[in-house]
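Participant: Dropping in target-v1.csv, with CSV, C-alpha atoms.
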```csv
chain,number,residue,atom,x,y,z
E,1,MET,CA,86.8,-177.4,-188.8
E,2,ASP,CA,88.9,-175.6,-191.4
E,3,SER,CA,88.3,-172.3,-189.5
E,4,GLN,CA,89.4,-174.0,-186.2
E,5,ILE,CA,92.6,-175.3,-187.8
E,6,LYS,CA,93.3,-171.9,-189.3
E,7,LEU,CA,92.7,-170.2,-186.0
E,8,THR,CA,95.0,-172.6,-184.1
E,9,THR,CA,97.7,-172.1,-186.8
E,10,LEU,CA,97.5,-168.3,-186.3
E,11,ARG,CA,97.7,-168.8,-182.5
E,12,ILE,CA,100.8,-171.0,-183.0
E,13,ALA,CA,102.4,-168.3,-185.2
E,14,ALA,CA,101.7,-165.6,-182.5
E,15,THR,CA,103.1,-167.9,-179.8
E,16,GLN,CA,106.3,-168.5,-181.9
E,17,THR,CA,106.7,-164.8,-182.3
E,18,LYS,CA,106.4,-164.3,-178.6
E,19,ILE,CA,109.0,-167.0,-178.0
E,20,THR,CA,111.4,-165.3,-180.4
E,21,THR,CA,110.8,-161.9,-178.7
E,22,LEU,CA,111.4,-163.4,-175.2
E,23,SER,CA,114.6,-165.2,-176.4
E,24,ASP,CA,116.0,-161.9,-177.8
E,25,GLU,CA,115.2,-160.1,-174.6
E,26,ILE,CA,116.9,-162.9,-172.6
E,27,ASP,CA,120.0,-162.7,-174.8
E,28,LYS,CA,120.2,-158.9,-174.3
E,29,LEU,CA,119.7,-159.3,-170.5
E,30,GLU,CA,122.4,-162.0,-170.5
E,31,ASN,CA,124.8,-159.6,-172.2
E,32,GLU,CA,123.8,-156.8,-169.8
E,33,VAL,CA,124.4,-159.1,-166.8
E,34,VAL,CA,127.8,-160.0,-168.1
E,35,ARG,CA,128.7,-156.3,-168.7
E,36,LEU,CA,127.5,-155.2,-165.3
E,37,GLU,CA,129.3,-158.1,-163.6
E,38,SER,CA,132.5,-156.9,-165.2
E,39,ILE,CA,132.0,-153.3,-164.1
E,40,LEU,CA,131.1,-154.4,-160.6
E,41,ASN,CA,134.2,-156.5,-160.3
E,42,ASP,CA,136.4,-153.7,-161.5
E,43,ARG,CA,134.8,-151.2,-159.2
E,44,LEU,CA,135.0,-153.6,-156.2
E,45,ALA,CA,138.7,-154.2,-157.0
E,46,LEU,CA,139.3,-150.4,-157.1
E,47,LEU,CA,137.4,-149.9,-153.9
E,48,LEU,CA,139.4,-152.6,-152.1
E,49,LYS,CA,142.6,-150.9,-153.2
E,50,ARG,CA,141.4,-147.6,-151.9
E,51,ILE,CA,140.3,-148.8,-148.5
E,52,PRO,CA,143.8,-149.1,-147.0
E,53,ALA,CA,144.7,-145.6,-148.2
E,54,THR,CA,141.4,-144.3,-146.7
E,55,TYR,CA,142.2,-146.0,-143.4
E,56,LYS,CA,145.7,-144.3,-143.3
E,57,ARG,CA,144.2,-140.9,-144.0
E,58,ALA,CA,141.6,-141.5,-141.3
E,59,SER,CA,144.4,-142.3,-138.8
E,60,THR,CA,146.2,-139.0,-139.5
E,61,SER,CA,144.9,-136.3,-137.1
E,62,ASP,CA,144.3,-132.7,-138.0
E,63,PHE,CA,147.4,-131.9,-135.8
E,64,GLY,CA,149.5,-134.2,-137.9
E,65,THR,CA,148.3,-132.5,-141.1
E,66,ILE,CA,149.4,-129.2,-139.7
E,67,LEU,CA,152.7,-130.6,-138.4
E,68,PHE,CA,153.7,-132.0,-141.8
E,69,SER,CA,152.5,-129.0,-143.7
E,70,LYS,CA,155.4,-126.7,-144.9
E,71,ASN,CA,153.2,-123.6,-144.8
E,72,ILE,CA,149.6,-122.4,-144.9
E,73,PHE,CA,149.3,-123.0,-148.6
E,74,ASP,CA,150.6,-126.5,-148.3
E,75,PHE,CA,148.1,-127.1,-145.4
E,76,ILE,CA,145.2,-125.8,-147.5
E,77,THR,CA,146.3,-128.0,-150.4
E,78,ARG,CA,146.4,-131.1,-148.2
E,79,ILE,CA,142.9,-130.3,-146.8
E,80,LYS,CA,141.6,-129.9,-150.4
E,81,TYR,CA,143.2,-133.2,-151.4
E,82,VAL,CA,141.8,-135.1,-148.5
E,83,THR,CA,138.3,-133.6,-149.2
E,84,THR,CA,138.5,-134.5,-152.9
E,85,VAL,CA,139.6,-138.0,-152.2
E,86,GLN,CA,136.9,-138.5,-149.6
E,87,ALA,CA,134.3,-137.3,-152.2
E,88,GLU,CA,135.7,-139.7,-154.8
E,89,ASP,CA,135.7,-142.6,-152.3
E,90,ALA,CA,132.0,-141.8,-151.5
E,91,ALA,CA,131.2,-141.6,-155.2
E,92,LEU,CA,132.9,-144.9,-155.8
E,93,VAL,CA,131.0,-146.6,-153.0
E,94,PHE,CA,127.8,-145.2,-154.5
E,95,GLN,CA,128.7,-146.5,-157.9
E,96,VAL,CA,129.5,-149.9,-156.6
E,97,LYS,CA,126.1,-150.0,-154.8
E,98,ALA,CA,124.2,-148.7,-157.9
E,99,THR,CA,126.0,-151.2,-160.2
E,100,GLN,CA,125.2,-154.0,-157.7
E,101,ASN,CA,121.6,-153.0,-157.7
E,102,SER,CA,121.5,-152.9,-161.5
E,103,TYR,CA,123.2,-156.3,-161.7
E,104,ASN,CA,120.7,-157.9,-159.3
E,105,ASP,CA,117.7,-156.3,-161.0
E,106,SER,CA,118.9,-157.5,-164.5
E,107,LYS,CA,119.4,-161.0,-163.2
E,108,LYS,CA,116.0,-161.0,-161.6
E,109,ILE,CA,114.4,-159.8,-164.8
E,110,ARG,CA,116.3,-162.3,-166.8
E,111,GLU,CA,115.2,-165.2,-164.6
E,112,GLY,CA,111.6,-163.9,-164.9
E,113,LYS,CA,111.9,-163.9,-168.7
E,114,LYS,CA,113.2,-167.4,-168.6
E,115,THR,CA,110.2,-168.5,-166.6
E,116,ASP,CA,107.9,-166.8,-169.0
E,117,LEU,CA,109.7,-168.4,-171.9
E,118,GLU,CA,109.2,-171.9,-170.5
E,119,ALA,CA,105.5,-171.2,-169.9
E,120,VAL,CA,105.0,-169.9,-173.5
E,121,LYS,CA,106.9,-173.0,-174.8
E,122,ALA,CA,104.4,-175.2,-172.9
E,123,VAL,CA,101.5,-173.3,-174.5
E,124,LEU,CA,103.1,-173.8,-177.9
E,125,ASN,CA,103.4,-177.6,-177.3
E,126,GLN,CA,99.7,-177.7,-176.3
E,127,GLN,CA,98.7,-175.7,-179.4
E,128,ASN,CA,100.7,-178.0,-181.7
E,129,PHE,CA,99.1,-181.0,-180.0
E,130,GLN,CA,95.6,-179.3,-180.5
E,131,LEU,CA,96.4,-178.6,-184.2
E,132,ALA,CA,97.4,-182.2,-184.8
E,133,GLN,CA,94.2,-183.4,-183.1
E,134,GLN,CA,92.1,-181.1,-185.1
E,135,LYS,CA,93.7,-182.3,-188.4
E,136,GLN,CA,93.2,-185.9,-187.3
E,137,GLU,CA,89.5,-185.2,-186.4
E,138,LYS,CA,89.0,-183.6,-189.8
E,139,ASP,CA,90.7,-186.5,-191.7
E,140,ALA,CA,88.6,-189.0,-189.7
E,141,LEU,CA,85.4,-187.1,-190.6
E,142,LEU,CA,86.3,-187.0,-194.3
E,143,SER,CA,87.2,-190.6,-194.2
E,144,ALA,CA,83.9,-191.7,-192.5
E,145,THR,CA,81.7,-189.5,-194.8
E,146,GLN,CA,83.8,-189.5,-198.0
E,147,GLY,CA,83.2,-185.8,-197.9
E,148,ASN,CA,79.5,-186.4,-198.3
E,149,GLU,CA,77.3,-183.9,-196.3
E,150,THR,CA,74.4,-186.3,-196.3
E,151,ARG,CA,76.5,-189.0,-194.7
E,152,TYR,CA,77.6,-186.5,-192.1
E,153,ALA,CA,74.0,-185.6,-191.4
E,154,GLN,CA,73.2,-189.3,-190.9
E,155,LEU,CA,76.1,-189.7,-188.4
E,156,LEU,CA,75.0,-186.6,-186.5
E,157,SER,CA,71.4,-187.8,-186.4
E,158,ALA,CA,72.6,-191.2,-185.0
E,159,ALA,CA,74.8,-189.4,-182.5
E,160,ARG,CA,71.9,-187.3,-181.2
E,161,ALA,CA,69.6,-190.4,-181.0
E,162,GLN,CA,72.2,-192.4,-179.1
E,163,LEU,CA,72.8,-189.5,-176.7
E,164,SER,CA,69.1,-189.1,-176.0
E,165,ALA,CA,68.7,-192.9,-175.4
E,166,ILE,CA,71.8,-193.1,-173.1
E,167,ASN,CA,70.6,-190.0,-171.1
E,168,ASN,CA,67.2,-191.7,-170.6
E,169,PHE,CA,68.9,-194.9,-169.5
E,170,VAL,CA,71.1,-193.2,-167.0
E,171,SER,CA,68.2,-191.0,-165.7
E,172,ASN,CA,66.1,-194.1,-165.1
E,173,LEU,CA,68.9,-195.6,-163.0
E,174,GLY,CA,69.0,-192.5,-160.8
E,175,GLY,CA,71.8,-190.6,-162.6
E,176,ALA,CA,75.5,-191.1,-163.0
E,177,THR,CA,76.6,-190.6,-159.4
E,178,THR,CA,80.3,-191.1,-159.0
E,179,LEU,CA,81.9,-194.2,-157.4
E,180,SER,CA,85.3,-195.1,-155.9
E,181,ASN,CA,87.5,-198.2,-155.9
E,182,GLN,CA,85.8,-199.8,-158.9
E,183,THR,CA,88.8,-201.0,-160.9
E,184,SER,CA,89.4,-204.8,-160.7
E,185,HIS,CA,92.3,-206.7,-162.4
E,186,SER,CA,92.2,-210.4,-163.3
E,187,ASP,CA,93.8,-212.8,-165.8
E,188,TRP,CA,91.0,-211.9,-168.2
E,189,GLY,CA,91.9,-208.2,-168.2
E,190,THR,CA,90.8,-205.1,-166.2
E,191,TYR,CA,87.3,-204.1,-165.2
E,192,TYR,CA,86.6,-200.3,-165.4
E,193,ASN,CA,83.5,-198.4,-164.3
E,194,GLN,CA,82.6,-195.3,-166.2
E,195,ARG,CA,81.5,-193.6,-163.0
E,196,ASP,CA,84.8,-194.1,-161.2
E,197,VAL,CA,86.0,-190.7,-159.8
E,198,GLN,CA,89.3,-191.2,-161.5
E,199,TRP,CA,87.8,-190.3,-164.9
E,200,ALA,CA,84.0,-189.7,-164.4
E,201,SER,CA,84.2,-186.0,-165.2
E,202,HIS,CA,86.6,-186.4,-168.2
E,203,GLY,CA,85.2,-185.3,-171.5
E,204,ILE,CA,84.8,-187.6,-174.6
E,205,GLY,CA,86.3,-186.5,-177.8
E,206,SER,CA,85.6,-182.8,-178.6
E,207,SER,CA,82.1,-183.0,-177.1
E,208,SER,CA,80.9,-181.6,-173.8
E,209,GLU,CA,79.8,-185.1,-172.6
E,210,SER,CA,81.5,-186.9,-169.7
E,211,ILE,CA,82.6,-190.5,-169.3
E,212,ALA,CA,80.3,-190.9,-166.3
E,213,ASN,CA,77.2,-189.9,-168.3
E,214,VAL,CA,77.7,-191.4,-171.7
E,215,GLY,CA,81.0,-193.3,-171.5
E,216,CYS,CA,79.7,-196.9,-171.5
E,217,LEU,CA,81.0,-197.7,-175.0
E,218,VAL,CA,84.3,-195.9,-174.3
E,219,THR,CA,84.7,-197.9,-171.1
E,220,SER,CA,83.7,-201.2,-172.8
E,221,VAL,CA,86.3,-200.7,-175.6
E,222,THR,CA,88.9,-200.0,-172.9
E,223,MET,CA,88.1,-203.2,-171.0
E,224,VAL,CA,88.4,-205.3,-174.2
E,225,MET,CA,91.7,-203.6,-175.0
E,226,THR,CA,93.1,-204.7,-171.6
E,227,HIS,CA,91.9,-208.3,-172.4
E,228,TYR,CA,94.3,-208.2,-175.3
E,229,GLY,CA,97.2,-207.0,-173.1
E,230,LYS,CA,97.0,-203.2,-173.7
E,231,SER,CA,97.7,-200.9,-170.8
E,232,VAL,CA,95.0,-198.3,-171.2
E,233,THR,CA,92.3,-196.5,-169.2
E,234,PRO,CA,89.0,-194.9,-170.3
E,235,VAL,CA,90.8,-191.6,-170.5
E,236,ASP,CA,93.0,-192.9,-173.3
E,237,VAL,CA,90.1,-193.9,-175.4
E,238,ALA,CA,88.0,-190.8,-174.6
E,239,SER,CA,90.9,-188.5,-175.5
E,240,THR,CA,91.4,-190.0,-179.0
E,241,LEU,CA,89.5,-187.2,-180.9
E,242,ASP,CA,89.4,-188.9,-184.3
E,243,LEU,CA,87.5,-191.8,-182.8
E,244,PHE,CA,84.3,-189.8,-182.5
E,245,VAL,CA,82.1,-187.7,-184.8
E,246,PRO,CA,83.2,-184.1,-184.1
E,247,GLY,CA,81.4,-182.4,-181.3
E,248,THR,CA,79.8,-185.6,-180.2
E,249,ALA,CA,80.6,-188.7,-178.1
E,250,TYR,CA,79.4,-191.0,-181.0
E,251,MET,CA,82.1,-193.5,-181.8
E,252,TYR,CA,82.9,-194.5,-185.4
E,253,GLN,CA,82.9,-198.2,-186.5
E,254,GLY,CA,85.9,-199.6,-188.2
E,255,SER,CA,89.7,-199.5,-187.4
E,256,LYS,CA,91.2,-196.7,-185.3
E,257,SER,CA,94.5,-196.2,-183.6
E,258,ILE,CA,94.1,-195.9,-179.8
E,259,ALA,CA,97.1,-195.4,-177.5
E,260,GLY,CA,99.4,-197.1,-180.0
E,261,ALA,CA,97.1,-200.1,-180.7
E,262,THR,CA,94.9,-200.7,-183.8
E,263,VAL,CA,91.3,-201.4,-182.6
E,264,THR,CA,88.8,-202.6,-185.1
E,265,ARG,CA,85.1,-202.6,-184.1
E,266,THR,CA,82.6,-204.3,-186.5
E,267,SER,CA,78.9,-204.5,-186.1
E,268,THR,CA,77.5,-208.0,-186.5
E,269,GLY,CA,74.5,-210.1,-185.4
E,270,THR,CA,73.6,-212.0,-182.2
E,271,GLY,CA,74.4,-215.2,-184.0
E,272,ALA,CA,78.1,-214.4,-183.8
E,273,ILE,CA,78.2,-214.1,-180.0
E,274,ASP,CA,78.8,-217.7,-179.1
E,275,GLY,CA,81.5,-218.3,-181.8
E,276,GLU,CA,83.4,-215.2,-180.7
E,277,LEU,CA,83.3,-216.1,-177.0
E,278,SER,CA,84.3,-219.7,-177.6
E,279,ALA,CA,87.3,-218.3,-179.5
E,280,GLY,CA,88.3,-216.2,-176.5
E,281,HIS,CA,87.1,-212.9,-178.1
E,282,PRO,CA,85.0,-210.6,-175.9
E,283,VAL,CA,82.0,-209.1,-177.5
E,284,ILE,CA,80.5,-205.6,-176.9
E,285,VAL,CA,76.7,-205.6,-177.0
E,286,GLY,CA,74.3,-202.6,-177.0
E,287,VAL,CA,71.0,-202.8,-175.3
E,288,TYR,CA,67.7,-201.1,-175.9
E,289,ASN,CA,67.1,-198.7,-178.8
E,290,GLY,CA,69.9,-196.2,-179.4
E,291,PRO,CA,71.7,-198.3,-178.2
E,292,ALA,CA,71.1,-196.9,-174.7
E,293,HIS,CA,73.9,-198.8,-173.0
E,294,PHE,CA,76.9,-201.0,-173.9
E,295,VAL,CA,78.4,-203.9,-171.9
E,296,VAL,CA,81.1,-206.4,-172.5
E,297,LEU,CA,80.2,-210.1,-172.8
E,298,LYS,CA,83.2,-212.1,-171.5
E,299,SER,CA,82.1,-215.8,-171.7
E,300,GLY,CA,79.2,-218.1,-171.9
E,301,SER,CA,76.9,-219.5,-174.6
E,302,GLY,CA,73.2,-219.9,-175.5
E,303,GLY,CA,72.1,-216.8,-173.7
E,304,ASN,CA,73.9,-217.6,-170.5
E,305,TYR,CA,76.6,-214.9,-170.5
E,306,ILE,CA,79.0,-213.4,-168.0
E,307,MET,CA,79.5,-209.7,-168.5
E,308,ASN,CA,81.3,-206.6,-167.3
E,309,ASP,CA,78.8,-203.8,-167.0
E,310,PRO,CA,80.6,-200.4,-166.9
E,311,PHE,CA,77.7,-198.6,-165.2
E,312,VAL,CA,76.6,-201.0,-162.5
E,313,GLU,CA,78.6,-200.6,-159.2
E,314,ASN,CA,81.2,-203.4,-159.1
E,315,GLY,CA,79.6,-204.7,-162.3
E,316,HIS,CA,82.3,-207.2,-163.2
E,317,ASP,CA,81.7,-211.0,-163.7
E,318,ILE,CA,77.9,-210.8,-163.3
E,319,ALA,CA,75.3,-212.6,-165.3
E,320,PHE,CA,74.0,-210.7,-168.3
E,321,THR,CA,70.4,-211.8,-167.5
E,322,SER,CA,70.6,-210.4,-164.0
E,323,HIS,CA,70.1,-207.0,-165.5
E,324,TYR,CA,69.0,-207.5,-169.2
E,325,SER,CA,67.2,-210.0,-171.4
E,326,MET,CA,68.5,-211.3,-174.7
E,327,GLY,CA,65.6,-209.6,-176.4
E,328,VAL,CA,66.9,-206.1,-175.6
E,329,ILE,CA,70.1,-206.5,-177.5
E,330,THR,CA,70.1,-204.1,-180.4
E,331,GLU,CA,73.8,-204.1,-181.4
E,332,VAL,CA,76.6,-206.7,-181.3
E,333,ASP,CA,80.2,-205.5,-182.0
E,334,THR,CA,83.2,-207.8,-182.5
E,335,VAL,CA,86.5,-206.2,-181.5
E,336,ARG,CA,90.0,-206.9,-182.7
E,337,VAL,CA,93.1,-205.3,-181.1
E,338,ASN,CA,96.5,-205.4,-182.6
```
Rewrite the structure of this file - the entire thing - as structure tokens.
Facilitator:
Amino acid sequence: MDSQIKLTTLRIAATQTKITTLSDEIDKLENEVVRLESILNDRLALLLKRIPATYKRASTSDFGTILFSKNIFDFITRIKYVTTVQAEDAALVFQVKATQNSYNDSKKIREGKKTDLEAVKAVLNQQNFQLAQQKQEKDALLSATQGNETRYAQLLSAARAQLSAINNFVSNLGGATTLSNQTSHSDWGTYYNQRDVQWASHGIGSSSESIANVGCLVTSVTMVMTHYGKSVTPVDVASTLDLFVPGTAYMYQGSKSIAGATVTRTSTGTGAIDGELSAGHPVIVGVYNGPAHFVVLKSGSGGNYIMNDPFVENGHDIAFTSHYSMGVITEVDTVRVN
């Protein structure tokens, strides 16, 4: 993680250097555009002054030149003058055209550099965001493990066991095929389905796992947050890097900041379910070993509970026992949102 942070820092430095270089180039091009514009205006003004004189010379016939010449030498001088002036006029027209081309080219290059600069600034913003996330992820890991490698190994082992259990659960149900139009709003909050096409393919934390496959807990936490009036989606929770053990979709217990809210998830026993629900507090329960799946209990008592199941199609407001038995509950989490 330190190496990733260092690498991102180096990338940021390189991007900042590129921004400085582009800014300098744009300033130089800006000065060049101003210079060329001044030259072009001067040459155009001179050309406009010479056009009437050129028109007058053009309207004078060769006979008129002979007529007004004092002698042969005067005639030759007049012819040379006319030829020289014509050459100068032609050169001036060429200069105006060349300056105009240079002016247009410089403006085009300048605009291209400005576009490049905005793109590089966007990259820098993304890199700074990535660096902040990496630092948060590292701090979260150190906080969860107290810098203890054994504790990290335990978390990693639990993450792998849970991933295996969830994959088996999903496989037994025919896979995490995507669904549409699953979101349902009510006075209680919002029901979300992890397989909804809106976020099914979105990753969880810094892992390669998707919400559709292993996002049952992510989606359950999101639903509970909406119950407490927070406007969030599964993407908001899945994108909070320091919420998960690095490289996995395994969510830490305890208090975390998610989309501006403090969410505290605490593991307890089945005996706390009825008290929590009677107090208006939804409970997240894990079922089977792993746990292999998580659902939200919304109301009920004595084993007769109404749940929101994030995997089942349109799985809101259904009886818990329509899909599971009380005996398969292996984890009970109380959740507080501030």
Participant: Mind pulling up the distance from atom CA of E:Gly203 to atom CA of E:Ile5?
Facilitator: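 Taking atom CA of E:Ile5 as the start and atom CA of E:Gly203 as the end point, the length is 20.5 Å.
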Participant: Stretch 8-15 of chain E: which residues within 7 Å, counting only C-alpha atoms, same-chain residues fewer than 3 positions away excluded, as number ranges by chain?
Facilitator: E: 4-5, 18-19, 120, 124, 127, 131
Participant: Can I get the selection written as a PDB file, keeping the file's coordinate frame, with C-alpha atoms?
Facilitator:
```
ATOM      1  CA  GLN E   4      89.400-174.000-186.200  1.00  0.00           C
ATOM      2  CA  ILE E   5      92.600-175.300-187.800  1.00  0.00           C
ATOM      3  CA  LYS E  18     106.400-164.300-178.600  1.00  0.00           C
ATOM      4  CA  ILE E  19     109.000-167.000-178.000  1.00  0.00           C
ATOM      5  CA  VAL E 120     105.000-169.900-173.500  1.00  0.00           C
ATOM      6  CA  LEU E 124     103.100-173.800-177.900  1.00  0.00           C
ATOM      7  CA  GLN E 127      98.700-175.700-179.400  1.00  0.00           C
ATOM      8  CA  LEU E 131      96.400-178.600-184.200  1.00  0.00           C
TER       9      LEU E 131
END
```
Participant: Just the residues within 10 Å of stretch 166-179 of chain E, please, counting only C-alpha atoms, with nothing from its chain fewer than 6 positions along; format it as a list in words.
Facilitator: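 Counting only the stated atoms, we get Arg160, Asn193, Gln194, Arg195, Asp196, Val197, Gln198, Trp199, Ala200, Ser201, Ser210, Ile211, Ala212, Asn213, Val214, Gly215, Cys216, Val287, Tyr288, Asn289, Gly290, Pro291, Ala292, His293, Phe294, Phe311, Val312, Glu313 and Asn314 of chain E.
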Participant: With only C-alpha atoms as the atoms that count, which of E:Ile204, E:Met326, E:Glu37, E:Arg336 lies nearest to E:Tyr250?
Facilitator: E:Ile204
Participant: What is the distance, in Å and to one decimal place, between atom CA of E:Arg265 and atom CA of E:Gly286?
Facilitator: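 We find that atom CA of E:Arg265 and atom CA of E:Gly286 lie 12.9 Å from each other.
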Participant: Write out as a ChimeraX atom specification the residues lying within 7 Å of E:Ser255, counting only C-alpha atoms and excluding same-chain residues fewer than 3 positions away.
Facilitator: /E:262-265
Participant: In Å to one decimal, how far is atom CA of E:Val328 from atom CA of E:Thr270?
Facilitator: 11.1 Å
Participant: Return the single residue from E:Thr334, E:Ser207, E:Asn31, E:Asn41 that is closest to E:Ser220, with distances computed using only C-alpha atoms.
Facilitator: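 Under the stated criterion, the closest residue is E:Thr334.
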Participant: So that I can check the surroundings of E:Ile26, please list as an MDAnalysis selection string every protein, DNA and RNA residue that reaches within 7 Å of it, counting all atoms listed in the file and ignoring chain neighbours fewer than 4 positions away.
Facilitator: chainID E and resid 22 30 110 113
Participant: Print the selection's residues with C-alpha atoms to a file, as a CSV table (one decimal), in the frame of the given file.
Facilitator:
```csv
chain,number,residue,atom,x,y,z
E,22,LEU,CA,111.4,-163.4,-175.2
E,30,GLU,CA,122.4,-162.0,-170.5
E,110,ARG,CA,116.3,-162.3,-166.8
E,113,LYS,CA,111.9,-163.9,-168.7
```
Participant: Can you tell me, as a PyMOL selection string, what residues are no more than 10 Å from E:Trp188 when counting only C-alpha atoms, ignoring any on the same chain fewer than 4 positions away?
Facilitator: chain E and resi 223-224+226-229+280+282+298
Participant: Counting all atoms listed in the file, figure out which residue out of E:Asn148, E:Ser38, E:Thr190, E:Ser231 gets nearest to E:Gln100.
Facilitator: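 For E:Gln100, the nearest of the given residues is E:Ser38.
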